[in-house]
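For reference, data11.txt is printed below; it contains compact mmCIF, C-alpha atoms and all ligand atoms.
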# COMPACT_ATOMS: atom_id res chain seq x y z
CA MET L 1142 -12.47 18.59 -22.96
CA SER L 1143 -12.38 14.80 -22.91
CA GLU L 1144 -15.34 13.10 -21.22
CA TRP L 1145 -13.41 10.00 -20.25
CA LYS L 1146 -13.60 8.72 -16.72
CA THR L 1147 -11.46 6.08 -15.04
CA VAL L 1148 -13.28 2.96 -13.82
CA ILE L 1149 -12.02 -0.17 -12.11
CA ALA L 1150 -12.49 -3.09 -14.50
CA GLY L 1151 -10.77 -5.78 -12.42
CA LEU L 1152 -8.95 -6.47 -9.16
CA GLY L 1153 -6.50 -9.21 -8.16
CA SER L 1154 -4.11 -9.94 -5.34
CA TYR L 1155 -1.52 -12.42 -4.14
CA LEU L 1156 -0.01 -13.28 -0.77
CA PRO L 1157 2.98 -15.61 -0.40
CA GLU L 1158 2.29 -18.93 1.30
CA LYS L 1159 4.69 -18.69 4.22
CA VAL L 1160 3.34 -16.99 7.37
CA TYR L 1161 5.17 -15.52 10.36
CA THR L 1162 2.90 -15.48 13.42
CA ASN L 1163 3.56 -13.40 16.52
CA ALA L 1164 4.89 -16.61 18.10
CA ASP L 1165 7.48 -16.76 15.29
CA MET L 1166 8.43 -13.13 16.01
CA GLU L 1167 8.90 -14.04 19.69
CA ARG L 1168 11.55 -16.53 18.61
CA MET L 1169 13.44 -13.85 16.62
CA VAL L 1170 13.40 -10.78 18.88
CA GLU L 1171 12.53 -9.86 22.45
CA THR L 1172 8.81 -9.27 22.03
CA ASN L 1173 5.51 -10.93 22.79
CA ASP L 1174 2.08 -11.46 21.26
CA GLU L 1175 0.42 -9.15 23.79
CA TRP L 1176 2.73 -6.20 22.99
CA ILE L 1177 2.39 -6.65 19.22
CA THR L 1178 -1.39 -7.09 19.39
CA GLN L 1179 -2.00 -4.11 21.68
CA ARG L 1180 0.45 -1.73 20.01
CA THR L 1181 -0.19 -2.66 16.37
CA GLY L 1182 -3.17 -5.03 15.95
CA ILE L 1183 -1.02 -7.43 13.89
CA LYS L 1184 -1.19 -11.21 14.40
CA GLU L 1185 0.36 -12.61 11.19
CA ARG L 1186 2.23 -11.54 8.06
CA HIS L 1187 2.96 -13.37 4.80
CA ILE L 1188 6.61 -13.75 3.83
CA ALA L 1189 8.04 -14.38 0.35
CA ARG L 1190 10.39 -17.33 -0.24
CA GLU L 1191 14.07 -16.51 -0.67
CA ASP L 1192 13.73 -16.98 -4.44
CA GLU L 1193 10.42 -15.06 -4.70
CA PHE L 1194 10.70 -11.35 -5.51
CA THR L 1195 8.38 -8.36 -5.89
CA SER L 1196 7.86 -8.90 -9.63
CA ASP L 1197 6.82 -12.54 -8.97
CA LEU L 1198 4.12 -11.46 -6.51
CA ALA L 1199 3.06 -8.59 -8.79
CA THR L 1200 2.77 -10.91 -11.80
CA VAL L 1201 0.29 -13.22 -10.07
CA ALA L 1202 -1.79 -10.26 -8.85
CA ALA L 1203 -1.70 -8.72 -12.35
CA ASN L 1204 -2.86 -11.91 -14.06
CA ARG L 1205 -5.71 -12.24 -11.55
CA ALA L 1206 -6.79 -8.63 -12.11
CA LEU L 1207 -6.71 -9.11 -15.89
CA GLU L 1208 -8.82 -12.26 -15.56
CA ASP L 1209 -11.31 -10.39 -13.36
CA ALA L 1210 -11.48 -7.62 -15.96
CA GLY L 1211 -11.85 -10.12 -18.80
CA MET L 1212 -8.95 -8.43 -20.54
CA SER L 1213 -5.74 -9.70 -22.13
CA ALA L 1214 -2.27 -8.31 -21.38
CA GLU L 1215 -2.02 -7.16 -25.01
CA GLU L 1216 -4.78 -4.62 -24.37
CA ILE L 1217 -2.79 -2.85 -21.64
CA ASP L 1218 -1.34 0.55 -22.64
CA LEU L 1219 0.61 1.27 -19.45
CA ILE L 1220 1.81 -0.65 -16.39
CA ILE L 1221 2.62 1.28 -13.21
CA VAL L 1222 4.11 -0.57 -10.25
CA ALA L 1223 4.29 1.10 -6.85
CA THR L 1224 7.06 -0.47 -4.81
CA VAL L 1225 9.97 0.26 -2.47
CA SER L 1226 11.42 -3.23 -2.74
CA PRO L 1227 12.10 -3.75 -6.46
CA ASP L 1228 13.86 -6.95 -7.59
CA MET L 1229 16.77 -4.77 -8.78
CA HIS L 1230 17.67 -1.10 -9.24
CA SER L 1231 16.96 -1.39 -12.95
CA PRO L 1232 14.93 -2.34 -14.94
CA SER L 1233 11.67 -1.45 -13.25
CA VAL L 1234 9.39 -4.06 -11.71
CA ALA L 1235 6.77 -2.82 -14.21
CA ALA L 1236 9.03 -3.92 -17.10
CA LEU L 1237 9.57 -7.35 -15.50
CA VAL L 1238 5.82 -7.77 -14.98
CA GLY L 1239 5.08 -6.60 -18.52
CA ASN L 1240 7.41 -9.29 -19.86
CA ASN L 1241 5.98 -11.97 -17.53
CA ILE L 1242 2.35 -11.34 -18.50
CA GLY L 1243 3.04 -10.81 -22.21
CA ALA L 1244 2.09 -7.14 -22.44
CA THR L 1245 3.65 -6.37 -25.82
CA LYS L 1246 2.05 -2.97 -26.50
CA THR L 1247 2.60 -1.31 -23.16
CA ALA L 1248 4.60 1.47 -21.55
CA ALA L 1249 5.97 0.59 -18.11
CA PHE L 1250 7.42 2.41 -15.11
CA ASP L 1251 7.67 2.22 -11.31
CA ILE L 1252 6.90 4.87 -8.75
CA ASN L 1253 8.54 5.16 -5.35
CA VAL L 1254 6.24 6.73 -2.76
CA ALA L 1255 6.22 3.83 -0.30
CA CYS L 1256 2.85 3.14 1.32
CA SER L 1257 1.16 5.94 -0.66
CA GLY L 1258 2.16 4.09 -3.84
CA PHE L 1259 -0.98 2.36 -5.05
CA VAL L 1260 -3.18 5.42 -4.55
CA THR L 1261 -0.56 7.60 -6.27
CA ALA L 1262 -0.47 5.13 -9.16
CA MET L 1263 -4.25 5.45 -9.42
CA SER L 1264 -3.95 9.22 -9.48
CA VAL L 1265 -1.29 9.14 -12.24
CA ALA L 1266 -3.29 6.63 -14.27
CA ASP L 1267 -6.42 8.76 -13.87
CA GLN L 1268 -4.66 11.72 -15.53
CA PHE L 1269 -3.69 9.59 -18.56
CA ILE L 1270 -7.17 8.12 -18.91
CA ARG L 1271 -9.15 11.35 -18.41
CA THR L 1272 -7.16 13.10 -21.14
CA GLY L 1273 -7.71 10.22 -23.55
CA PHE L 1274 -3.97 9.52 -23.73
CA TYR L 1275 -4.35 5.86 -22.67
CA ARG L 1276 -7.35 3.53 -22.49
CA ASN L 1277 -6.31 0.58 -20.26
CA ILE L 1278 -3.83 0.89 -17.41
CA LEU L 1279 -2.65 -1.83 -15.04
CA ILE L 1280 -1.66 -0.45 -11.64
CA ILE L 1281 0.02 -2.66 -9.06
CA GLY L 1282 1.12 -2.16 -5.46
CA ALA L 1283 3.69 -4.83 -4.63
CA ASP L 1284 6.34 -5.22 -1.96
CA THR L 1285 8.57 -7.83 -0.41
CA LEU L 1286 9.43 -5.82 2.68
CA SER L 1287 10.85 -8.97 4.33
CA LYS L 1288 13.87 -8.55 2.02
CA ILE L 1289 14.64 -5.08 3.42
CA THR L 1290 13.73 -5.75 7.05
CA ASP L 1291 16.24 -6.09 9.86
CA TYR L 1292 15.00 -9.10 11.85
CA ASN L 1293 17.09 -7.95 14.82
CA ASP L 1294 15.10 -4.69 15.11
CA ARG L 1295 11.95 -5.40 17.14
CA ALA L 1296 10.55 -1.92 16.49
CA THR L 1297 10.18 -2.62 12.77
CA CYS L 1298 10.32 -6.36 12.01
CA ILE L 1299 7.05 -7.16 13.78
CA LEU L 1300 5.22 -4.78 11.43
CA PHE L 1301 6.11 -5.84 7.91
CA GLY L 1302 4.80 -8.42 5.46
CA ASP L 1303 4.86 -9.18 1.72
CA GLY L 1304 2.11 -9.12 -0.91
CA ALA L 1305 0.78 -7.65 -4.14
CA GLY L 1306 -2.49 -6.15 -5.31
CA ALA L 1307 -3.45 -5.02 -8.81
CA ALA L 1308 -6.23 -3.12 -10.55
CA VAL L 1309 -7.07 -2.84 -14.24
CA LEU L 1310 -8.30 0.68 -14.90
CA THR L 1311 -10.14 1.51 -18.07
CA ALA L 1312 -11.67 4.53 -19.81
CA SER L 1313 -15.43 4.82 -19.60
CA LYS L 1314 -18.12 7.35 -20.43
CA GLY L 1315 -20.54 5.74 -17.95
CA GLU L 1316 -21.34 6.38 -14.32
CA GLY L 1317 -18.97 6.30 -11.34
CA GLY L 1318 -15.30 5.40 -11.24
CA VAL L 1319 -12.51 7.57 -9.86
CA LEU L 1320 -14.20 10.77 -8.62
CA ALA L 1321 -11.14 12.60 -7.26
CA THR L 1322 -7.54 11.97 -6.21
CA LEU L 1323 -4.87 13.91 -4.36
CA ASN L 1324 -1.16 13.48 -3.64
CA GLY L 1325 1.09 15.28 -1.20
CA ALA L 1326 4.49 15.27 0.43
CA ASP L 1327 6.26 16.87 3.38
CA CYS L 1328 9.80 16.38 2.12
CA SER L 1329 11.27 17.70 5.37
CA GLY L 1330 10.23 14.33 6.82
CA ALA L 1331 12.44 12.34 4.42
CA ASP L 1332 14.56 11.11 7.34
CA LYS L 1333 11.61 9.73 9.31
CA ILE L 1334 11.37 6.41 7.39
CA TYR L 1335 14.08 5.23 5.04
CA CYS L 1336 15.95 2.28 3.63
CA ASP L 1337 19.60 3.05 2.90
CA GLY L 1338 20.95 2.13 -0.51
CA LEU L 1339 24.00 3.55 -2.23
CA ARG L 1340 24.24 6.41 0.26
CA ASP L 1341 25.94 5.90 3.62
CA PRO L 1342 23.36 4.94 6.30
CA LYS L 1343 24.84 7.67 8.54
CA TRP L 1344 22.75 10.08 6.44
CA CYS L 1345 20.15 10.16 9.22
CA GLY L 1346 22.52 10.01 12.14
CA GLU L 1347 24.62 7.40 13.83
CA GLU L 1348 21.83 5.24 15.28
CA LYS L 1349 20.98 3.33 12.15
CA ALA L 1350 24.60 3.09 11.03
CA GLN L 1351 25.68 1.54 14.30
CA THR L 1352 22.85 -0.79 15.12
CA HIS L 1353 21.11 -1.78 11.90
CA LYS L 1354 21.65 -4.11 9.01
CA ARG L 1355 22.54 -2.28 5.79
CA ARG L 1356 19.82 -1.88 3.18
CA SER L 1357 17.07 -2.33 5.75
CA LEU L 1358 14.16 -0.13 6.75
CA TRP L 1359 14.54 2.27 9.65
CA MET L 1360 11.91 4.58 11.05
CA ASN L 1361 11.03 6.91 13.86
CA GLY L 1362 7.81 5.08 14.78
CA SER L 1363 6.22 7.50 17.20
CA GLU L 1364 6.77 10.57 14.97
CA VAL L 1365 5.40 8.72 11.94
CA MET L 1366 2.38 7.66 13.97
CA LYS L 1367 1.41 11.24 14.90
CA PHE L 1368 1.86 12.38 11.30
CA ALA L 1369 -0.15 9.43 10.00
CA VAL L 1370 -3.31 9.98 12.04
CA ARG L 1371 -3.42 13.68 11.11
CA ILE L 1372 -2.64 13.24 7.41
CA MET L 1373 -4.95 10.26 6.83
CA SER L 1374 -7.96 12.13 8.16
CA ASN L 1375 -7.06 15.45 6.47
CA ALA L 1376 -6.34 13.85 3.08
CA THR L 1377 -9.56 11.83 3.17
CA LYS L 1378 -11.63 14.93 3.99
CA LYS L 1379 -9.94 16.91 1.20
CA VAL L 1380 -10.37 14.29 -1.49
CA LEU L 1381 -14.06 13.91 -0.64
CA GLU L 1382 -14.43 17.68 -0.81
CA LYS L 1383 -12.83 17.63 -4.28
CA ALA L 1384 -15.42 15.02 -5.28
CA GLY L 1385 -18.26 17.18 -3.92
CA LEU L 1386 -18.86 14.74 -1.03
CA THR L 1387 -18.39 14.60 2.74
CA THR L 1388 -17.19 11.88 5.09
CA ALA L 1389 -20.86 11.02 5.72
CA ASP L 1390 -20.96 9.71 2.14
CA ILE L 1391 -18.24 7.07 2.73
CA ASP L 1392 -19.56 3.51 2.37
CA HIS L 1393 -16.11 1.90 2.64
CA LEU L 1394 -13.01 3.44 4.17
CA ILE L 1395 -9.89 1.50 3.15
CA PRO L 1396 -6.85 3.11 4.78
CA HIS L 1397 -3.22 2.03 4.57
CA GLN L 1398 -2.86 -0.88 6.99
CA ALA L 1399 0.08 0.20 9.16
CA ASN L 1400 -1.13 0.08 12.74
CA MET L 1401 -4.60 -0.41 14.23
CA ARG L 1402 -4.07 2.59 16.50
CA ILE L 1403 -3.40 4.82 13.47
CA ILE L 1404 -6.40 3.42 11.59
CA GLU L 1405 -8.73 3.85 14.58
CA GLY L 1406 -7.40 7.36 15.24
CA ALA L 1407 -8.13 8.38 11.66
CA ARG L 1408 -11.53 6.68 11.60
CA LYS L 1409 -12.63 8.50 14.75
CA ARG L 1410 -11.46 11.88 13.45
CA LEU L 1411 -13.43 11.24 10.26
CA GLU L 1412 -16.47 10.06 12.26
CA VAL L 1413 -16.86 7.00 10.05
CA ALA L 1414 -18.81 4.12 11.63
CA PRO L 1415 -16.66 1.05 12.46
CA GLU L 1416 -18.67 -1.17 10.08
CA ARG L 1417 -17.63 1.06 7.14
CA LEU L 1418 -13.96 0.51 7.83
CA PHE L 1419 -12.11 -2.37 6.15
CA VAL L 1420 -9.21 -3.90 8.08
CA ASN L 1421 -7.06 -6.91 7.19
CA LEU L 1422 -3.94 -5.74 9.04
CA ASP L 1423 -4.22 -8.51 11.66
CA GLN L 1424 -3.71 -11.17 8.94
CA VAL L 1425 -1.13 -9.46 6.70
CA GLY L 1426 0.76 -6.73 8.60
CA ASN L 1427 2.05 -3.65 6.80
CA MET L 1428 2.84 -4.47 3.14
CA SER L 1429 3.61 -0.89 2.06
CA GLY L 1430 2.40 -0.39 -1.54
CA ALA L 1431 0.48 -3.67 -1.46
CA SER L 1432 -1.60 -2.90 1.63
CA ILE L 1433 -4.41 -0.89 0.06
CA PRO L 1434 -4.90 -2.91 -3.16
CA VAL L 1435 -4.84 -6.24 -1.28
CA ALA L 1436 -7.40 -4.89 1.22
CA MET L 1437 -9.53 -3.52 -1.63
CA CYS L 1438 -9.40 -6.81 -3.50
CA GLN L 1439 -10.35 -8.81 -0.39
CA ALA L 1440 -13.28 -6.49 0.37
CA TYR L 1441 -14.43 -6.88 -3.27
CA GLN L 1442 -14.10 -10.67 -3.17
CA GLN L 1443 -16.10 -10.76 0.07
CA GLY L 1444 -18.94 -9.10 -1.85
CA ARG L 1445 -18.86 -5.89 0.18
CA PHE L 1446 -19.08 -3.47 -2.78
CA THR L 1447 -22.38 -2.59 -4.44
CA LYS L 1448 -22.68 -0.44 -7.56
CA GLY L 1449 -22.82 3.22 -6.51
CA ASP L 1450 -20.95 2.71 -3.21
CA VAL L 1451 -18.41 5.42 -2.33
CA ILE L 1452 -14.99 4.03 -1.45
CA ALA L 1453 -12.30 6.22 0.12
CA ILE L 1454 -8.72 4.93 -0.04
CA VAL L 1455 -5.93 6.76 1.74
CA GLY L 1456 -2.25 6.05 2.29
CA PHE L 1457 0.81 7.65 3.89
CA GLY L 1458 4.43 6.64 3.93
CA ALA L 1459 8.10 7.41 3.44
CA GLY L 1460 8.85 10.76 1.92
CA LEU L 1461 6.85 11.66 3.92
CA THR L 1462 4.08 11.22 1.38
CA TRP L 1463 0.34 10.78 1.28
CA ALA L 1464 -2.34 10.10 -1.31
CA ALA L 1465 -6.10 9.67 -1.29
CA ALA L 1466 -8.81 8.79 -3.78
CA ALA L 1467 -12.60 8.82 -3.78
CA ILE L 1468 -14.11 6.16 -6.01
CA GLU L 1469 -17.68 5.31 -6.93
CA TRP L 1470 -17.89 1.54 -7.40
CA SER L 1471 -19.21 0.86 -10.89
CA LYS L 1472 -18.50 -2.82 -11.56
O1 LIG L 1501 3.80 2.21 6.73
C1 LIG L 1501 4.95 2.93 7.04
C2 LIG L 1501 4.78 3.81 8.17
N1 LIG L 1501 5.09 3.22 9.42
C3 LIG L 1501 4.18 3.21 10.39
O2 LIG L 1501 3.05 3.51 10.21
C4 LIG L 1501 4.62 2.89 11.79
C5 LIG L 1501 4.09 3.91 12.75
N2 LIG L 1501 4.50 3.65 14.10
C6 LIG L 1501 4.04 2.59 14.82
O3 LIG L 1501 3.26 1.79 14.35
C7 LIG L 1501 4.47 2.52 16.26
O4 LIG L 1501 5.26 3.66 16.57
C8 LIG L 1501 5.26 1.24 16.62
C9 LIG L 1501 4.33 0.03 16.60
C10 LIG L 1501 6.41 1.04 15.68
C11 LIG L 1501 5.80 1.37 18.05
O5 LIG L 1501 4.74 1.64 18.94
P1 LIG L 1501 4.88 2.83 20.01
O6 LIG L 1501 3.67 2.82 20.82
O7 LIG L 1501 5.21 4.08 19.25
O8 LIG L 1501 6.08 2.32 20.90
P2 LIG L 1501 7.47 3.05 21.20
O9 LIG L 1501 8.33 3.05 19.98
O10 LIG L 1501 7.20 4.34 21.89
O11 LIG L 1501 8.08 2.03 22.24
C12 LIG L 1501 7.50 1.77 23.51
C13 LIG L 1501 8.32 0.71 24.22
C14 LIG L 1501 9.82 0.98 24.17
O12 LIG L 1501 10.36 0.56 25.40
P3 LIG L 1501 10.71 1.63 26.56
O13 LIG L 1501 11.67 2.59 25.92
O14 LIG L 1501 9.39 2.27 26.90
O15 LIG L 1501 11.26 0.80 27.62
C15 LIG L 1501 10.30 0.06 23.08
O16 LIG L 1501 11.64 -0.33 23.24
O17 LIG L 1501 8.12 -0.56 23.57
C16 LIG L 1501 9.40 -1.14 23.27
N3 LIG L 1501 9.24 -1.93 22.04
C17 LIG L 1501 8.86 -3.22 22.08
N4 LIG L 1501 8.54 -4.04 23.08
C18 LIG L 1501 8.17 -5.29 22.78
C19 LIG L 1501 9.41 -1.56 20.75
N5 LIG L 1501 9.13 -2.58 19.93
C20 LIG L 1501 8.79 -3.62 20.73
C21 LIG L 1501 8.40 -4.94 20.46
N6 LIG L 1501 8.09 -5.73 21.51
N7 LIG L 1501 8.30 -5.43 19.21

Since I need it in another form, could you write the structure as structure tokens?
Amino acid sequence: MSEWKTVIAGLGSYLPEKVYTNADMERMVETNDEWITQRTGIKERHIAREDEFTSDLATVAANRALEDAGMSAEEIDLIIVATVSPDMHSPSVAALVGNNIGATKTAAFDINVACSGFVTAMSVADQFIRTGFYRNILIIGADTLSKITDYNDRATCILFGDGAGAAVLTASKGEGGVLATLNGADCSGADKIYCDGLRDPKWCGEEKAQTHKRRSLWMNGSEVMKFAVRIMSNATKKVLEKAGLTTADIDHLIPHQANMRIIEGARKRLEVAPERLFVNLDQVGNMSGASIPVAMCQAYQQGRFTKGDVIAIVGFGAGLTWAAAAIEWSK
């Protein structure tokens, strides 16, 4: 049995410069700041330029994470990018990032589990590192949801933003690191959130086909919300159990940043004190795969993590999927 553990060696993130405030949303669709604030908690979201794509955001975040880890791109064995808004169908965003950063000795692939993406990438990477298969893995959550958003649909466009967050994971025989991970899916909920592609958008009924822009995100918001509160609390409890811990051990809860009502619902079910919860949703909106790593990176840069702290990260998203990880901060 290998004794390797996965530790976080570096974190980095990037948000595009342009910002859409709630006042900007009011100019696009029939909505208002009060509705958006009360129903979601969102005030602003960052939006990529027309010529700025997911791999561009991911590249900046990756370089920042490598710098934080004090590592060069040549030392990376594998790049995993979690995204639902790749620059193109093929090649993967991971391959584009690998080329951009000069990772010449790496393997590279994307995973598509929407907002559960970064945590799933951590879980996959953890398997490779624990077995001794790879030593250094760069995982990135990056999305430019603005490119697949219908800005005529007020039920979705007010939610989404763009960004990227990256972590350099490395093999260690020391203390802490990734304690446990879990991944799950309820595939019967595949029609609850989707972005049509090659397949006819009528796949999920006439509503999207008739009223929505092609290749844009559609979702059944209220059903997703109920699922999200339940699954975020259950997955967090289970992953802590796997790590031999309880929710009382959580120093930092970093959930997927989709809606303040979902986050608060999950926090209350988990009985985690408000000061242990990290939220940046108000400033960035829902960035799918980028939400958790950007939040984690911001919390780290604000000096919130101390060696030995237990961090629980948990995401849910299209699929319907979920993923959670318990981490002991060791940097
Ligand atoms: O990360 C991926 C997963 N996605 C999510 O986590 C999203 C989960 N769902 C949500 O966050 C919420 O369901 C939404 C924020 C999308 C919607 O909130 P809600 O409390 O579920 O509202 P609703 O869909 O039940 O709509 C309530 C009312 C409706 O009007 P009527 O039918 O009551 O007259 C909507 O038409 O609010 C209306 N509405 C709006 N009003 C002003 C919907 N969007 C807007 C809007 N501004 N932007």

*Find the residue from L:Ser1196, L:Thr1447, L:Thr1162, L:Asn1361 that sits nearest to ligand LIG 1501 (chain L); use only C-alpha atoms and all ligand atoms when measuring.*
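Of L:Ser1196, L:Thr1447, L:Thr1162, L:Asn1361, the one nearest ligand LIG 1501 (chain L) is L:Asn1361, counting only C-alpha atoms and all ligand atoms.
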
Using all atoms listed in the file, which protein or nucleic acid residues come within 10 Å of Thr1261 of chain L? Drop anything in the same chain fewer than 5 positions from it, and give the result as a PDB file with C-alpha atoms, in the frame of the given file.
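Below you can see around-v2.pdb, which holds the result:
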ATOM      1  CA  ILE L1221       2.620   1.280 -13.210  1.00  0.00           C
ATOM      2  CA  ALA L1223       4.290   1.100  -6.850  1.00  0.00           C
ATOM      3  CA  ILE L1252       6.900   4.870  -8.750  1.00  0.00           C
ATOM      4  CA  ASN L1253       8.540   5.160  -5.350  1.00  0.00           C
ATOM      5  CA  VAL L1254       6.240   6.730  -2.760  1.00  0.00           C
ATOM      6  CA  ALA L1255       6.220   3.830  -0.300  1.00  0.00           C
ATOM      7  CA  CYS L1256       2.850   3.140   1.320  1.00  0.00           C
ATOM      8  CA  ALA L1266      -3.290   6.630 -14.270  1.00  0.00           C
ATOM      9  CA  ASP L1267      -6.420   8.760 -13.870  1.00  0.00           C
ATOM     10  CA  ILE L1280      -1.660  -0.450 -11.640  1.00  0.00           C
ATOM     11  CA  GLY L1282       1.120  -2.160  -5.460  1.00  0.00           C
ATOM     12  CA  THR L1322      -7.540  11.970  -6.210  1.00  0.00           C
ATOM     13  CA  LEU L1323      -4.870  13.910  -4.360  1.00  0.00           C
ATOM     14  CA  ASN L1324      -1.160  13.480  -3.640  1.00  0.00           C
ATOM     15  CA  GLY L1325       1.090  15.280  -1.200  1.00  0.00           C
ATOM     16  CA  GLY L1430       2.400  -0.390  -1.540  1.00  0.00           C
ATOM     17  CA  VAL L1455      -5.930   6.760   1.740  1.00  0.00           C
ATOM     18  CA  GLY L1456      -2.250   6.050   2.290  1.00  0.00           C
ATOM     19  CA  THR L1462       4.080  11.220   1.380  1.00  0.00           C
ATOM     20  CA  TRP L1463       0.340  10.780   1.280  1.00  0.00           C
ATOM     21  CA  ALA L1464      -2.340  10.100  -1.310  1.00  0.00           C
ATOM     22  CA  ALA L1465      -6.100   9.670  -1.290  1.00  0.00           C
ATOM     23  CA  ALA L1466      -8.810   8.790  -3.780  1.00  0.00           C
TER      24      ALA L1466
END

*Contacts to ligand LIG 1501 (chain L) at 7 Å cut-off (all atoms listed in the file) as JSON, numbers by chain*: {"L": [1171, 1172, 1173, 1176, 1177, 1180, 1181, 1256, 1295, 1296, 1297, 1299, 1362, 1363, 1365, 1366, 1369, 1399, 1400, 1427, 1429, 1457, 1458, 1459]}

*Calculate how many Å separate atom CA of Ile1242 of chain L from atom CA of Met1212 of chain L, rounding to one decimal.*
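Straight-line distance from atom CA of Ile1242 of chain L to atom CA of Met1212 of chain L works out to 11.8 Å.
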
*Pick out the closest residue to Asn1293 of chain L from this set: L:Pro1415, L:Trp1359, L:Asn1375, L:Ala1467. Count all atoms listed in the file.*
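Going through L:Pro1415, L:Trp1359, L:Asn1375, L:Ala1467 one by one, the smallest distance to Asn1293 of chain L is for L:Trp1359.
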
*asked:* Neighbouring residues of segment 1198-1209 of chain L were defined as those with any atom within 8 Å, considering all atoms listed in the file; residues of the same chain fewer than 2 positions away were excluded. Please report them as a list in words.
replied: Ala1150, Gly1151, Leu1152, Gly1153, Ser1154, Tyr1155, Leu1156, Pro1157, Glu1193, Phe1194, Thr1195, Ser1196, Gly1211, Met1212, Ser1213, Ala1214, Val1238, Asn1241, Ile1242, Leu1279, Ile1281, Gly1282, Ala1283, Gly1304, Ala1305, Gly1306, Ala1307, Ala1308 and Val1309 of chain L

Test item: residues at most 10 Å from Asp1251 of chain L, all atoms listed in the file, excluding those fewer than 6 positions along its chain, as an mmCIF file with C-alpha atoms, in the frame of the given file:
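And here is the file that came out, selection-v6.cif:
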data_model
loop_
_atom_site.group_PDB
_atom_site.id
_atom_site.type_symbol
_atom_site.label_atom_id
_atom_site.label_comp_id
_atom_site.auth_asym_id
_atom_site.auth_seq_id
_atom_site.Cartn_x
_atom_site.Cartn_y
_atom_site.Cartn_z
ATOM 1 C CA ILE L 1220 1.810 -0.650 -16.390
ATOM 2 C CA ILE L 1221 2.620 1.280 -13.210
ATOM 3 C CA VAL L 1222 4.110 -0.570 -10.250
ATOM 4 C CA ALA L 1223 4.290 1.100 -6.850
ATOM 5 C CA THR L 1224 7.060 -0.470 -4.810
ATOM 6 C CA VAL L 1225 9.970 0.260 -2.470
ATOM 7 C CA PRO L 1227 12.100 -3.750 -6.460
ATOM 8 C CA PRO L 1232 14.930 -2.340 -14.940
ATOM 9 C CA SER L 1233 11.670 -1.450 -13.250
ATOM 10 C CA VAL L 1234 9.390 -4.060 -11.710
ATOM 11 C CA ALA L 1235 6.770 -2.820 -14.210
ATOM 12 C CA ALA L 1236 9.030 -3.920 -17.100
ATOM 13 C CA GLY L 1258 2.160 4.090 -3.840
ATOM 14 C CA ALA L 1262 -0.470 5.130 -9.160
ATOM 15 C CA ILE L 1280 -1.660 -0.450 -11.640
ATOM 16 C CA ILE L 1281 0.020 -2.660 -9.060
ATOM 17 C CA GLY L 1282 1.120 -2.160 -5.460
#

_Contacts of Leu1286 of chain L at 7 Å (only C-alpha atoms; same-chain gap of 2+ positions) as a PyMOL selection string_ = chain L and resi 1226+1284+1288-1290+1301-1303+1428

*Smallest atom-to-atom distance to Glu1382 of chain L: which of L:Phe1259, L:Asn1421, L:Val1370, L:Ala1453, using all atoms listed in the file?*
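That would be L:Ala1453, the residue with the smallest distance to Glu1382 of chain L.
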
*Just how far from atom CA of Ile1270 of chain L is atom CA of Leu1381 of chain L, in Å to one decimal?*
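Computed distance, atom CA of Leu1381 of chain L to atom CA of Ile1270 of chain L, equals 20.4 Å.
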
*Would you work out the distance separating atom CA of Asn1277 of chain L from atom CA of Val1260 of chain L, expressed in Å to one decimal?*
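Straight-line distance from atom CA of Asn1277 of chain L to atom CA of Val1260 of chain L works out to 16.7 Å.
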
*Find the residues with any atom within 10 Å of (-22.4, 8.7, -20.3); use only C-alpha atoms and the coordinates as given in the file, and write the answer as a ChimeraX atom specification.*
/L:1144-1146,1313-1317

Next, dump the selected residues to file, keeping only C-alpha atoms, as a PDB file, keeping the file's coordinate frame.
ATOM      1  CA  GLU L1144     -15.340  13.100 -21.220  1.00  0.00           C
ATOM      2  CA  TRP L1145     -13.410  10.000 -20.250  1.00  0.00           C
ATOM      3  CA  LYS L1146     -13.600   8.720 -16.720  1.00  0.00           C
ATOM      4  CA  SER L1313     -15.430   4.820 -19.600  1.00  0.00           C
ATOM      5  CA  LYS L1314     -18.120   7.350 -20.430  1.00  0.00           C
ATOM      6  CA  GLY L1315     -20.540   5.740 -17.950  1.00  0.00           C
ATOM      7  CA  GLU L1316     -21.340   6.380 -14.320  1.00  0.00           C
ATOM      8  CA  GLY L1317     -18.970   6.300 -11.340  1.00  0.00           C
TER       9      GLY L1317
END

_Given all atoms listed in the file as the basis, pick out the residue of L:Ala1164, L:Gly1318, L:Glu1405, L:Lys1333 nearest to Thr1147 of chain L._
L:Gly1318
